[in-house]
Amino acid sequence: MRLSPDELVFWQWGPVVLNATLVFTWLVMALLVVGSWLVTRRLEPGTGMRRGQNVLEATVVWIRGQIAEVAPGDADRFLPFVGTLFLFIAVSNLLAAVPFFEPPTGSLSTTAALAGCVFFAVPLYGIARRGLRGYLKQYVTPTPLMLPFQIIGELSRTLALAVRLFGNVMSGTMIVAILLALAPFLFPVPMQALGLLTGLVQAYVFAVLSLIYLASASRAREDGPGPS
Amino acid sequence: MEPTWIALASIVTAGLTLAVGSIGPAFGEARAVAQALAAIAQQPDEANTITRTLFVGLAMIESTAIYCFVLSLILLFANPFWDFVIERAGGG
């Protein structure tokens, strides 16, 4: 039984391995990029817009509204990063309903890479907003005794982000595989529908959690330290 | 050390991990959902904020269960001790 799409190797040349995770990540990226490029080639400023433009505009407006509810006034700063995370995870989780597609988020390497992006984006956004001094100061408030706990908290929440997404997507795929072996044809379908719901919720949770981390690191100093 | 003992310990521990590890999060999630429902019933206007906070909190609670699940899967399908024993037996 395959634990992750990492173990499905299409092509290998020495240390260069082309596995299913890479291929399906590229597929999702190509789908998002080419789709958006096709739609944004001809934009209508008025009301007579095409269907694709309507879908994209509604998506972006919804994401922006959700960000504005969590981080009021900062929505446009976080929209590119958080929106990209959400769209990538949501599309790759939803495509799991397509036969022979293995969601790349079901591999620990993909989710660890995404969580690593969040890990490095938090200090970047924080320093850009509050300066190096202001950002580092939040580690030693209220007392320097909290410094080890703050650092442990940063590392453990990154690990939690990665393992949560991986565990959810991988367990969904694996339950369907086990049910296919036990009671094929009809029983896996409800579990797959449940997997779609879980995938969307997990994409939302991943995006909201990383948004909360970003927003709490770059909050203005007078508000005090945010929740970690 | 006989390999069967390692297999036995791994399988039993995997089952115990999953069983014990899902009790706590189940109680926690039930409590969280019940409280959120009561809050929504009292303040239907705040349903959006409550629902979002509920989802984030549920994901946080659930991650402990997910850790146990991943751990038991590692014990069952990618057991490092089992691999070590097999390797040593194969090497002579």
# chains A, B, ... in the order shown; residues from 1 in each chain; ligands from 1
call {"tool": "interface_residues", "arguments": {"of": "chain A", "to": "chain B", "cutoff": "6 Å", "atoms": "only C-alpha atoms", "output": "JSON, numbers by chain"}}
result
{"A": [164, 167, 205]}
call {"tool": "closest_residue", "arguments": {"among": "A:Gly116, A:Pro123, A:Pro184, A:Pro103", "to": "Ser4 of chain A", "atoms": "only C-alpha atoms"}}
result
A:Pro103
call {"tool": "atom_distance", "arguments": {"atom1": "atom CA of Ser109 of chain A", "atom2": "atom CA of Ser10 of chain B"}}
result
24.9 Å
call {"tool": "closest_residue", "arguments": {"among": "A:Val163, A:Leu136, A:Ala68, A:Leu56", "to": "Ala112 of chain A", "atoms": "only C-alpha atoms"}}
result
A:Val163
call {"tool": "atom_distance", "arguments": {"atom1": "atom CA of Leu161 of chain A", "atom2": "atom CA of Leu85 of chain A"}}
result
12.3 Å
